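Raw work-v5.tsv, TSV, C-alpha atoms:
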```tsv
chain	number	residue	atom	x	y	z
A	2	MET	CA	-98.34	57.01	52.30
A	3	SER	CA	-99.39	59.21	49.40
A	4	HIS	CA	-100.57	57.72	46.13
A	5	PRO	CA	-100.71	59.33	42.69
A	6	ALA	CA	-104.05	60.93	41.90
A	7	LYS	CA	-106.24	58.97	39.52
A	8	ILE	CA	-108.89	59.95	37.02
A	9	ILE	CA	-112.11	58.14	37.95
A	10	THR	CA	-115.38	58.25	36.04
A	11	VAL	CA	-118.31	58.02	38.45
A	12	ALA	CA	-121.72	57.34	36.93
A	13	MET	CA	-124.97	57.37	38.89
A	14	THR	CA	-128.22	55.98	37.50
A	15	GLY	CA	-131.78	55.80	38.73
A	16	ALA	CA	-131.61	52.83	41.09
A	17	SER	CA	-132.12	53.19	44.81
A	18	GLY	CA	-128.80	53.50	46.61
A	19	MET	CA	-127.77	57.07	45.91
A	20	PRO	CA	-126.01	57.37	49.33
A	21	TYR	CA	-123.40	54.91	48.05
A	22	GLY	CA	-122.61	57.00	44.99
A	23	ILE	CA	-122.54	60.29	46.86
A	24	ARG	CA	-120.29	58.93	49.61
A	25	LEU	CA	-117.93	57.46	47.00
A	26	LEU	CA	-117.76	60.84	45.29
A	27	GLU	CA	-117.03	62.53	48.61
A	28	ILE	CA	-114.13	60.23	49.49
A	29	LEU	CA	-112.57	60.42	46.04
A	30	LEU	CA	-112.66	64.22	46.10
A	31	GLN	CA	-111.28	64.31	49.64
A	32	GLN	CA	-108.31	62.34	48.38
A	33	ARG	CA	-107.91	64.79	45.48
A	34	HIS	CA	-108.60	62.36	42.65
A	35	ARG	CA	-109.92	63.88	39.42
A	36	ILE	CA	-113.54	62.93	38.84
A	37	TYR	CA	-115.60	62.78	35.67
A	38	LEU	CA	-119.21	62.68	36.88
A	39	LEU	CA	-122.13	61.41	34.78
A	40	TYR	CA	-125.70	60.94	35.97
A	41	SER	CA	-129.00	60.06	34.37
A	42	GLN	CA	-132.27	61.99	34.60
A	43	ALA	CA	-133.66	59.24	36.82
A	44	ALA	CA	-130.63	59.60	39.10
A	45	GLN	CA	-131.58	63.25	39.63
A	46	ILE	CA	-135.01	62.12	40.84
A	47	VAL	CA	-133.55	59.47	43.16
A	48	ALA	CA	-130.99	61.91	44.60
A	49	GLN	CA	-133.80	64.28	45.51
A	50	GLN	CA	-136.00	61.53	46.95
A	51	GLU	CA	-133.36	59.69	48.97
A	52	MET	CA	-131.06	62.54	50.02
A	53	GLY	CA	-132.86	65.82	49.36
A	54	LEU	CA	-130.05	66.59	46.93
A	55	THR	CA	-130.78	68.61	43.79
A	56	LEU	CA	-128.50	67.71	40.88
A	57	SER	CA	-128.74	70.32	38.15
A	58	SER	CA	-129.25	69.36	34.51
A	59	ARG	CA	-126.68	72.04	33.66
A	60	PRO	CA	-123.18	70.55	34.04
A	61	LYS	CA	-121.46	73.81	35.05
A	62	GLU	CA	-124.06	74.49	37.73
A	63	ALA	CA	-123.70	70.94	39.02
A	64	GLU	CA	-119.91	71.27	39.14
A	65	ALA	CA	-120.08	74.48	41.16
A	66	PHE	CA	-122.71	73.13	43.54
A	67	LEU	CA	-121.02	69.79	44.21
A	68	THR	CA	-117.57	71.32	44.56
A	69	GLY	CA	-119.00	73.55	47.28
A	70	TYR	CA	-121.11	70.77	48.79
A	71	PHE	CA	-118.06	68.55	49.28
A	72	LYS	CA	-115.69	71.47	49.99
A	73	ALA	CA	-113.52	70.04	47.23
A	74	GLU	CA	-110.54	71.62	45.57
A	75	PRO	CA	-111.73	73.59	42.52
A	76	GLY	CA	-111.12	71.87	39.22
A	77	LEU	CA	-111.12	68.28	40.50
A	78	LEU	CA	-114.72	67.60	39.50
A	79	LYS	CA	-115.97	67.72	35.92
A	80	VAL	CA	-119.63	67.03	35.17
A	81	PHE	CA	-120.76	66.00	31.68
A	82	GLY	CA	-124.20	66.05	30.08
A	83	ARG	CA	-125.97	62.83	29.16
A	84	GLU	CA	-125.17	63.19	25.45
A	85	GLU	CA	-121.97	65.22	25.60
A	86	TRP	CA	-120.14	63.17	23.01
A	87	PHE	CA	-116.99	65.30	23.03
A	88	ALA	CA	-116.36	64.37	26.66
A	89	PRO	CA	-113.06	62.51	27.27
A	90	VAL	CA	-114.95	59.46	28.53
A	91	ALA	CA	-116.52	58.92	25.10
A	92	SER	CA	-113.26	57.93	23.43
A	93	GLY	CA	-110.72	55.19	23.94
A	94	SER	CA	-108.03	57.73	23.04
A	95	ASN	CA	-108.52	59.45	26.40
A	96	PRO	CA	-109.94	56.93	28.88
A	97	ALA	CA	-110.11	57.41	32.62
A	98	ASP	CA	-108.09	55.12	34.87
A	99	ALA	CA	-111.28	53.44	36.09
A	100	MET	CA	-115.05	53.80	36.12
A	101	VAL	CA	-117.72	53.04	38.71
A	102	ILE	CA	-121.45	52.88	38.00
A	103	CYS	CA	-123.04	53.33	41.42
A	104	PRO	CA	-125.88	52.74	41.76
A	105	CYS	CA	-126.53	50.86	38.53
A	106	THR	CA	-130.03	50.13	37.25
A	107	MET	CA	-130.82	46.91	35.46
A	108	GLY	CA	-131.58	48.97	32.36
A	109	THR	CA	-128.08	50.47	32.34
A	110	LEU	CA	-126.60	47.06	33.11
A	111	SER	CA	-128.43	45.59	30.12
A	112	ALA	CA	-127.36	48.43	27.83
A	113	VAL	CA	-123.70	48.03	28.78
A	114	ALA	CA	-123.87	44.22	28.48
A	115	THR	CA	-125.30	44.48	24.97
A	116	GLY	CA	-123.07	47.32	23.80
A	117	GLN	CA	-125.87	49.77	23.05
A	118	SER	CA	-123.94	52.95	23.94
A	119	GLN	CA	-126.91	55.24	23.26
A	120	LYS	CA	-126.12	57.48	26.27
A	121	LEU	CA	-122.79	58.77	27.52
A	122	ILE	CA	-122.81	56.52	30.59
A	123	GLU	CA	-123.16	53.43	28.40
A	124	ARG	CA	-120.49	54.64	25.99
A	125	ALA	CA	-118.07	55.43	28.82
A	126	ALA	CA	-118.54	51.91	30.19
A	127	ASP	CA	-118.05	50.45	26.71
A	128	VAL	CA	-114.76	52.35	26.45
A	129	MET	CA	-113.58	50.88	29.75
A	130	LEU	CA	-114.30	47.36	28.55
A	131	LYS	CA	-112.70	47.72	25.15
A	132	GLU	CA	-109.62	49.44	26.57
A	133	GLN	CA	-109.40	46.81	29.34
A	134	ARG	CA	-109.61	49.40	32.11
A	135	LYS	CA	-111.22	48.79	35.49
A	136	LEU	CA	-115.04	48.93	35.42
A	137	VAL	CA	-116.89	48.45	38.70
A	138	ILE	CA	-120.65	48.01	38.52
A	139	VAL	CA	-122.79	48.30	41.66
A	140	PRO	CA	-126.16	46.80	40.66
A	141	ARG	CA	-129.06	47.67	42.94
A	142	GLU	CA	-132.03	45.36	42.51
A	143	MET	CA	-133.68	42.58	44.52
A	144	PRO	CA	-134.22	39.84	43.62
A	145	PHE	CA	-132.22	39.39	40.41
A	146	SER	CA	-134.01	37.81	37.47
A	147	ILE	CA	-132.32	35.33	35.14
A	148	ILE	CA	-131.95	38.16	32.61
A	149	HIS	CA	-130.16	40.30	35.21
A	150	LEU	CA	-127.87	37.44	36.19
A	151	GLU	CA	-127.04	36.60	32.58
A	152	ASN	CA	-126.15	40.24	31.90
A	153	MET	CA	-123.93	40.34	34.98
A	154	LEU	CA	-122.23	37.10	33.93
A	155	LYS	CA	-121.57	38.52	30.47
A	156	LEU	CA	-120.02	41.68	31.94
A	157	ALA	CA	-117.94	39.69	34.43
A	158	GLN	CA	-116.63	37.59	31.56
A	159	CYS	CA	-115.65	40.84	29.81
A	160	GLY	CA	-113.63	41.89	32.84
A	161	ALA	CA	-116.05	44.08	34.79
A	162	VAL	CA	-116.26	43.81	38.58
A	163	ILE	CA	-119.84	43.12	39.69
A	164	LEU	CA	-120.15	44.48	43.22
A	165	PRO	CA	-123.70	44.36	44.60
A	166	PRO	CA	-124.11	46.64	47.63
A	167	ASN	CA	-124.44	43.79	50.13
A	168	PRO	CA	-122.98	45.02	53.42
A	169	GLY	CA	-121.41	42.71	55.98
A	170	PHE	CA	-122.12	43.06	59.67
A	171	TYR	CA	-118.99	41.59	61.23
A	172	HIS	CA	-117.71	45.13	61.91
A	173	HIS	CA	-120.81	45.80	64.09
A	174	PRO	CA	-122.21	48.83	62.27
A	175	GLN	CA	-123.93	51.34	64.53
A	176	THR	CA	-125.34	53.72	61.93
A	177	ILE	CA	-126.60	53.76	58.36
A	178	GLN	CA	-123.38	55.59	57.50
A	179	ASP	CA	-121.37	52.61	58.75
A	180	ILE	CA	-123.33	50.35	56.38
A	181	VAL	CA	-122.83	52.73	53.45
A	182	ASP	CA	-119.12	52.98	54.23
A	183	PHE	CA	-118.75	49.19	54.15
A	184	VAL	CA	-119.89	49.11	50.53
A	185	VAL	CA	-117.89	52.19	49.53
A	186	ALA	CA	-114.79	50.68	51.13
A	187	ARG	CA	-115.10	47.62	48.91
A	188	ILE	CA	-115.46	49.82	45.83
A	189	LEU	CA	-112.33	51.74	46.79
A	190	ASP	CA	-110.47	48.46	47.32
A	191	HIS	CA	-111.23	47.46	43.72
A	192	LEU	CA	-110.02	50.86	42.54
A	193	SER	CA	-106.77	50.28	44.48
A	194	ILE	CA	-107.41	53.44	46.47
A	195	ALA	CA	-106.34	53.49	50.11
A	196	HIS	CA	-108.92	54.41	52.75
A	197	SER	CA	-109.71	54.18	56.44
A	198	LEU	CA	-113.47	53.79	56.25
A	199	MET	CA	-113.48	50.58	58.27
A	200	PRO	CA	-111.02	48.15	59.88
A	201	ARG	CA	-109.88	45.28	57.71
A	202	TRP	CA	-110.65	41.69	58.61
A	203	GLY	CA	-108.02	40.36	61.00
A	204	ASP	CA	-106.47	43.77	61.71
A	205	PRO	CA	-106.55	45.13	65.28
A	206	GLU	CA	-109.10	47.88	65.73
```

Encoding of this model in structure tokens:
Amino acid sequence: MSHPAKIITVAMTGASGMPYGIRLLEILLQQRHRIYLLYSQAAQIVAQQEMGLTLSSRPKEAEAFLTGYFKAEPGLLKVFGREEWFAPVASGSNPADAMVICPCTMGTLSAVATGQSQKLIERAADVMLKEQRKLVIVPREMPFSIIHLENMLKLAQCGAVILPPNPGFYHHPQTIQDIVDFVVARILDHLSIAHSLMPRWGDPE
């Protein structure tokens, strides 16, 4: 069954867990959804460290590279700079259908929870909250402090989905990719995007 393409903002920050964000981006592009991609300077460092992936600071270069990397249809992916305030994501007059911050640092979580909006990622998340659109936050930290938990509670009360990347093991994962896919599958579920990354509980394999 085909579903209408969505516009999804994907933001990646400097927490460990870049494979989750990259896999999410891959699946969304495979399904021909339009993607607005934002990433922090720290995310560029983590992408290189964890995946050997170089994310350019120049949006057009990043678009061309990632479109080729994922063999995506040209034009589906749009990358914005960290302070590109004329980007669609910066205004409630042109919001995306949903936004995912994956992985999300505790610093970004705090900034969104307190409405700071000093960077485009924070502003885009603020737009999602004020326009009552879907915002999924994938916080990557361990353990959580009381400050972290209070910020997550505040965001949950504002309507955000707090989805820590805590994989289950009932599907008997055999590879790291299986574990990554478990988390990405749950993100896609909350975006109401169909997938076949893993069997659902109770369904025959």

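Distances from A:His196, A:Arg141, A:Arg187, A:Arg59 to Leu39 of chain A were compared using all atoms listed in the file, and the smallest one belongs to A:Arg59.
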
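Neighbouring residues of Ile8 of chain A at 12 Å or closer, counting all atoms listed in the file and skipping chain neighbours under 4 positions away, are Leu29, Leu30, Gln32, Arg33, His34, Arg35, Ile36, Tyr37, Leu38, Leu77, Leu78, Lys79, Pro89, Val90, Asn95, Pro96, Ala97, Asp98, Ala99, Met100, Val101, Arg134, Lys135, Leu192 and Ile194 of chain A.
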
Take the residues just selected and output them with C-alpha atoms as an mmCIF file, in the coordinates of the input.
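The resulting file, result36.cif, is reproduced below:
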```cif
data_model
loop_
_atom_site.group_PDB
_atom_site.id
_atom_site.type_symbol
_atom_site.label_atom_id
_atom_site.label_comp_id
_atom_site.auth_asym_id
_atom_site.auth_seq_id
_atom_site.Cartn_x
_atom_site.Cartn_y
_atom_site.Cartn_z
ATOM 1 C CA LEU A 29 -112.570 60.420 46.040
ATOM 2 C CA LEU A 30 -112.660 64.220 46.100
ATOM 3 C CA GLN A 32 -108.310 62.340 48.380
ATOM 4 C CA ARG A 33 -107.910 64.790 45.480
ATOM 5 C CA HIS A 34 -108.600 62.360 42.650
ATOM 6 C CA ARG A 35 -109.920 63.880 39.420
ATOM 7 C CA ILE A 36 -113.540 62.930 38.840
ATOM 8 C CA TYR A 37 -115.600 62.780 35.670
ATOM 9 C CA LEU A 38 -119.210 62.680 36.880
ATOM 10 C CA LEU A 77 -111.120 68.280 40.500
ATOM 11 C CA LEU A 78 -114.720 67.600 39.500
ATOM 12 C CA LYS A 79 -115.970 67.720 35.920
ATOM 13 C CA PRO A 89 -113.060 62.510 27.270
ATOM 14 C CA VAL A 90 -114.950 59.460 28.530
ATOM 15 C CA ASN A 95 -108.520 59.450 26.400
ATOM 16 C CA PRO A 96 -109.940 56.930 28.880
ATOM 17 C CA ALA A 97 -110.110 57.410 32.620
ATOM 18 C CA ASP A 98 -108.090 55.120 34.870
ATOM 19 C CA ALA A 99 -111.280 53.440 36.090
ATOM 20 C CA MET A 100 -115.050 53.800 36.120
ATOM 21 C CA VAL A 101 -117.720 53.040 38.710
ATOM 22 C CA ARG A 134 -109.610 49.400 32.110
ATOM 23 C CA LYS A 135 -111.220 48.790 35.490
ATOM 24 C CA LEU A 192 -110.020 50.860 42.540
ATOM 25 C CA ILE A 194 -107.410 53.440 46.470
#
```

A:Leu25, A:Met107, A:Ile102, A:Met52 ranked by distance to Ile147 of chain A, top pick (using all atoms listed in the file):
A:Met107

Skipping near chain neighbours, those fewer than 3 positions away, what residues fall within 12 Å of Ser111 of chain A using all atoms listed in the file, listed as a compact mmCIF listing (two decimals) with C-alpha atoms, in the frame of the given file?
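The resulting file, selection01.txt, is reproduced below:
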```txt
# COMPACT_ATOMS: atom_id res chain seq x y z
CA CYS A 105 -126.53 50.86 38.53
CA THR A 106 -130.03 50.13 37.25
CA MET A 107 -130.82 46.91 35.46
CA GLY A 108 -131.58 48.97 32.36
CA ALA A 114 -123.87 44.22 28.48
CA THR A 115 -125.30 44.48 24.97
CA GLY A 116 -123.07 47.32 23.80
CA GLN A 117 -125.87 49.77 23.05
CA SER A 118 -123.94 52.95 23.94
CA GLN A 119 -126.91 55.24 23.26
CA GLU A 123 -123.16 53.43 28.40
CA ALA A 126 -118.54 51.91 30.19
CA ASP A 127 -118.05 50.45 26.71
CA ILE A 138 -120.65 48.01 38.52
CA PRO A 140 -126.16 46.80 40.66
CA ILE A 148 -131.95 38.16 32.61
CA HIS A 149 -130.16 40.30 35.21
CA LEU A 150 -127.87 37.44 36.19
CA GLU A 151 -127.04 36.60 32.58
CA ASN A 152 -126.15 40.24 31.90
CA MET A 153 -123.93 40.34 34.98
CA LEU A 154 -122.23 37.10 33.93
CA LYS A 155 -121.57 38.52 30.47
CA LEU A 156 -120.02 41.68 31.94
```

Of the candidates A:Pro200, A:Pro20, A:Pro166, A:Pro60, which one gets nearest to Val137 of chain A if we count all atoms listed in the file?
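Distance minimum relative to Val137 of chain A lands on A:Pro166.
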
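Shortest atom-to-atom contact with His172 of chain A among A:Glu132, A:Glu142, A:Asp190, A:Asp204: A:Asp204, counting all atoms listed in the file.
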
Could you work out how far atom CA of Tyr21 of chain A lies from atom CA of His173 of chain A, giving the answer in Å with one decimal?
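We find that atom CA of His173 of chain A and atom CA of Tyr21 of chain A lie 18.6 Å from each other.
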
Could you check the closest approach to Ile28 of chain A for each of A:Val80, A:Ala91, A:Leu54, A:Ile9 and tell me which residue wins, using all atoms listed in the file?
A:Ile9

Which one of A:Ile122, A:Leu67, A:Ala112, A:Ala88 sits closest to Tyr40 of chain A if you count only C-alpha atoms?
A:Ile122

What gap, in Å, lies between atom CA of Pro168 of chain A and atom CA of Pro104 of chain A?
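Between these atoms lies a distance of 14.3 Å.
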
At most 12 Å from (-134.7, 63.8, 39.3), file frame, all atoms listed in the file: which residues, as a CSV table (one decimal) with C-alpha atoms, in the coordinates of the input?
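What ended up in selection.csv:
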```csv
chain,number,residue,atom,x,y,z
A,13,MET,CA,-125.0,57.4,38.9
A,14,THR,CA,-128.2,56.0,37.5
A,15,GLY,CA,-131.8,55.8,38.7
A,16,ALA,CA,-131.6,52.8,41.1
A,19,MET,CA,-127.8,57.1,45.9
A,40,TYR,CA,-125.7,60.9,36.0
A,41,SER,CA,-129.0,60.1,34.4
A,42,GLN,CA,-132.3,62.0,34.6
A,43,ALA,CA,-133.7,59.2,36.8
A,44,ALA,CA,-130.6,59.6,39.1
A,45,GLN,CA,-131.6,63.2,39.6
A,46,ILE,CA,-135.0,62.1,40.8
A,47,VAL,CA,-133.6,59.5,43.2
A,48,ALA,CA,-131.0,61.9,44.6
A,49,GLN,CA,-133.8,64.3,45.5
A,50,GLN,CA,-136.0,61.5,47.0
A,51,GLU,CA,-133.4,59.7,49.0
A,52,MET,CA,-131.1,62.5,50.0
A,53,GLY,CA,-132.9,65.8,49.4
A,54,LEU,CA,-130.0,66.6,46.9
A,55,THR,CA,-130.8,68.6,43.8
A,56,LEU,CA,-128.5,67.7,40.9
A,57,SER,CA,-128.7,70.3,38.2
A,58,SER,CA,-129.2,69.4,34.5
```

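Here atom CA of Gly82 of chain A stands at a distance of 19.5 Å from atom CA of Tyr70 of chain A.
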